[in-house]
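File shown: protein_26.cif. Contents: mmCIF, C-alpha atoms; chains and numbers go by the auth columns.
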data_query
#
loop_
_atom_site.group_PDB
_atom_site.id
_atom_site.type_symbol
_atom_site.label_atom_id
_atom_site.label_comp_id
_atom_site.label_asym_id
_atom_site.label_seq_id
_atom_site.Cartn_x
_atom_site.Cartn_y
_atom_site.Cartn_z
_atom_site.B_iso_or_equiv
_atom_site.auth_seq_id
_atom_site.auth_asym_id
ATOM 1 C CA MET A 1 0.000 0.000 0.000 0.00 1430 V
ATOM 2 C CA PHE A 2 2.834 2.416 0.827 0.00 1431 V
ATOM 3 C CA ARG A 3 4.511 1.710 -2.501 0.00 1432 V
ATOM 4 C CA TYR A 4 1.314 2.561 -4.405 0.00 1433 V
ATOM 5 C CA ASN A 5 0.912 5.881 -2.595 0.00 1434 V
ATOM 6 C CA LYS A 6 4.562 6.789 -3.269 0.00 1435 V
ATOM 7 C CA TYR A 7 4.166 5.963 -6.980 0.00 1436 V
ATOM 8 C CA PHE A 8 0.955 7.987 -7.141 0.00 1437 V
ATOM 9 C CA ALA A 9 2.617 10.975 -5.458 0.00 1438 V
ATOM 10 C CA VAL A 10 5.562 10.895 -7.873 0.00 1439 V
ATOM 11 C CA CYS A 11 3.218 10.701 -10.860 0.00 1440 V
ATOM 12 C CA LEU A 12 1.124 13.555 -9.489 0.00 1441 V
ATOM 13 C CA ILE A 13 4.210 15.743 -8.983 0.00 1442 V
ATOM 14 C CA CYS A 14 5.431 15.004 -12.511 0.00 1443 V
ATOM 15 C CA LEU A 15 2.023 15.805 -13.947 0.00 1444 V
ATOM 16 C CA CYS A 16 1.876 19.101 -12.067 0.00 1445 V
ATOM 17 C CA MET A 17 5.355 20.023 -13.279 0.00 1446 V
ATOM 18 C CA MET A 18 4.373 19.224 -16.873 0.00 1447 V
ATOM 19 C CA ILE A 19 1.431 21.615 -16.559 0.00 1448 V
ATOM 20 C CA ILE A 20 2.982 24.408 -14.495 0.00 1449 V
ATOM 21 C CA LEU A 21 6.416 24.773 -16.151 0.00 1450 V
ATOM 22 C CA PRO A 22 5.146 25.567 -19.673 0.00 1451 V
ATOM 23 C CA CYS A 23 2.723 28.120 -18.207 0.00 1452 V
ATOM 24 C CA VAL A 24 5.498 29.844 -16.268 0.00 1453 V
ATOM 25 C CA LYS A 25 7.775 29.776 -19.287 0.00 1454 V
ATOM 26 C CA HIS A 26 5.049 31.319 -21.440 0.00 1455 V
ATOM 27 C CA VAL A 27 4.400 34.107 -18.946 0.00 1456 V
ATOM 28 C CA LEU A 28 8.095 34.903 -18.609 0.00 1457 V
ATOM 29 C CA SER A 29 8.605 34.918 -22.365 0.00 1458 V
ATOM 30 C CA GLU A 30 5.988 37.650 -22.791 0.00 1459 V
ATOM 31 C CA GLN A 31 8.027 40.173 -20.813 0.00 1460 V
ATOM 32 C CA VAL A 32 9.699 42.857 -22.913 0.00 1461 V
ATOM 33 C CA ARG A 33 13.394 43.342 -22.333 0.00 1462 V
ATOM 34 C CA THR A 34 14.362 46.915 -21.594 0.00 1463 V
ATOM 35 C CA ASN A 35 18.131 46.530 -21.349 0.00 1464 V
ATOM 36 C CA LEU A 36 19.634 45.974 -24.784 0.00 1465 V
ATOM 37 C CA SER A 37 23.230 45.206 -25.596 0.00 1466 V
ATOM 38 C CA SER A 38 25.289 47.576 -27.735 0.00 1467 V
ATOM 39 C CA ILE A 39 24.754 45.409 -30.815 0.00 1468 V
ATOM 40 C CA GLU A 40 21.005 45.119 -30.240 0.00 1469 V
ATOM 41 C CA THR A 41 20.583 48.899 -30.058 0.00 1470 V
ATOM 42 C CA ILE A 42 21.875 49.352 -33.624 0.00 1471 V
ATOM 43 C CA GLU A 43 20.234 46.251 -35.045 0.00 1472 V
ATOM 44 C CA PHE A 44 18.381 46.979 -38.324 0.00 1473 V
ATOM 45 C CA ALA A 45 18.948 50.691 -37.901 0.00 1474 V
ATOM 46 C CA ALA A 46 20.792 51.201 -41.179 0.00 1475 V
ATOM 47 C CA ASP A 47 18.580 52.292 -44.087 0.00 1476 V
ATOM 48 C CA GLU A 48 20.797 50.577 -46.636 0.00 1477 V
ATOM 49 C CA LEU A 49 19.835 47.192 -45.154 0.00 1478 V
ATOM 50 C CA TYR A 50 16.181 47.683 -46.137 0.00 1479 V
ATOM 51 C CA ILE A 51 14.996 45.271 -48.829 0.00 1480 V
ATOM 52 C CA SER A 52 12.666 47.142 -51.116 0.00 1481 V
ATOM 53 C CA GLN A 53 9.646 45.605 -52.737 0.00 1482 V
ATOM 54 C CA THR A 54 7.927 46.957 -55.819 0.00 1483 V
ATOM 55 C CA GLN A 55 4.539 46.146 -57.256 0.00 1484 V
ATOM 56 C CA ILE A 56 4.151 45.786 -60.994 0.00 1485 V
ATOM 57 C CA PRO A 57 0.896 44.654 -62.613 0.00 1486 V
ATOM 58 C CA LEU A 58 0.876 41.041 -63.782 0.00 1487 V
ATOM 59 C CA GLU A 59 0.150 42.028 -67.376 0.00 1488 V
ATOM 60 C CA GLN A 60 3.485 43.848 -67.640 0.00 1489 V
ATOM 61 C CA LEU A 61 5.581 40.939 -66.324 0.00 1490 V
ATOM 62 C CA LYS A 62 3.620 37.872 -67.416 0.00 1491 V
ATOM 63 C CA ASP A 63 5.888 37.121 -70.401 0.00 1492 V
ATOM 64 C CA GLN A 64 9.009 37.181 -68.202 0.00 1493 V
ATOM 65 C CA LEU A 65 7.716 34.751 -65.552 0.00 1494 V
ATOM 66 C CA PRO A 66 8.734 31.087 -65.732 0.00 1495 V
ATOM 67 C CA ASN A 67 5.170 29.963 -64.932 0.00 1496 V
ATOM 68 C CA LYS A 68 3.490 32.063 -67.641 0.00 1497 V
ATOM 69 C CA SER A 69 1.099 29.283 -68.648 0.00 1498 V
ATOM 70 C CA ALA A 70 -0.120 28.898 -65.062 0.00 1499 V
ATOM 71 C CA TRP A 71 -0.807 32.633 -64.834 0.00 1500 V
ATOM 72 C CA ASP A 72 -2.620 32.551 -68.196 0.00 1501 V
ATOM 73 C CA THR A 73 -4.856 29.757 -66.933 0.00 1502 V
ATOM 74 C CA PHE A 74 -5.505 31.589 -63.663 0.00 1503 V
ATOM 75 C CA THR A 75 -6.409 34.866 -65.327 0.00 1504 V
ATOM 76 C CA GLN A 76 -8.737 33.156 -67.810 0.00 1505 V
ATOM 77 C CA GLU A 77 -10.582 31.207 -65.112 0.00 1506 V
ATOM 78 C CA SER A 78 -10.886 33.751 -62.327 0.00 1507 V
ATOM 79 C CA MET A 79 -9.789 37.262 -63.039 0.00 1508 V
ATOM 80 C CA SER A 80 -11.996 39.274 -60.714 0.00 1509 V
ATOM 81 C CA GLY A 81 -9.261 41.509 -59.277 0.00 1510 V
ATOM 82 C CA HIS A 82 -5.807 42.895 -59.852 0.00 1511 V
ATOM 83 C CA VAL A 83 -2.618 40.897 -59.434 0.00 1512 V
ATOM 84 C CA TYR A 84 0.707 42.570 -58.704 0.00 1513 V
ATOM 85 C CA ILE A 85 4.090 40.861 -58.958 0.00 1514 V
ATOM 86 C CA ASP A 86 7.385 41.703 -57.269 0.00 1515 V
ATOM 87 C CA PRO A 87 9.847 41.657 -60.196 0.00 1516 V
ATOM 88 C CA ARG A 88 12.796 40.783 -57.977 0.00 1517 V
ATOM 89 C CA SER A 89 11.302 37.564 -56.590 0.00 1518 V
ATOM 90 C CA GLY A 90 8.550 36.823 -59.114 0.00 1519 V
ATOM 91 C CA ARG A 91 6.034 36.381 -56.302 0.00 1520 V
ATOM 92 C CA PRO A 92 2.596 37.947 -56.048 0.00 1521 V
ATOM 93 C CA VAL A 93 2.354 40.839 -53.586 0.00 1522 V
ATOM 94 C CA SER A 94 -0.609 42.494 -51.996 0.00 1523 V
#
For this file, produce the structure as C-alpha cells.
Amino acid sequence: MFRYNKYFAVCLICLCMMIILPCVKHVLSEQVRTNLSSIETIEFAADELYISQTQIPLEQLKDQLPNKSAWDTFTQESMSGHVYIDPRSGRPVS
C-alpha cells in the first residue's frame, strides 16, 4: 500500500510540473526586455539594409515569368481583381 501511494505521489508531482512549467515559461517569455546590448541597439537601424519591394501589374511581367502558362490559366478562369508581382522575386504581392 505504501509503494502505491509513493508511486501515485511521484506521478502527481510530474504531472503538475508538466502543466505548471510551460505556463510559467510562457508568462516569462511575454516580458519585454528593456536593457539591450550595444549590438542590439543598432540592429536593423541602417537604411541601406532595407529590402525594397515593388509592385508591378501582372500584365506587364507575365511574359518574363517562368510559370506564364499557369498565370494565363488563372487569369482566364478567375480574373476578378488585380494581381501585382514583385519583379525581384517573381512572387505575387498584396
**Request:** Find the residues around stretch 1489-1502 of chain V up to 10 Å (all atoms listed in the file counted), leave out those fewer than 4 positions away in its own chain, and share them as JSON, numbers by chain.
**Result:** {"V": [1485, 1506, 1507, 1508, 1513, 1514, 1515, 1516, 1519, 1520]}
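Distance-wise, atom CA of V:Thr1470 and atom CA of V:Leu1457 end up 22.0 Å apart.
As for atom CA of V:Lys1435 and atom CA of V:Leu1450, they are spaced 22.2 Å apart.
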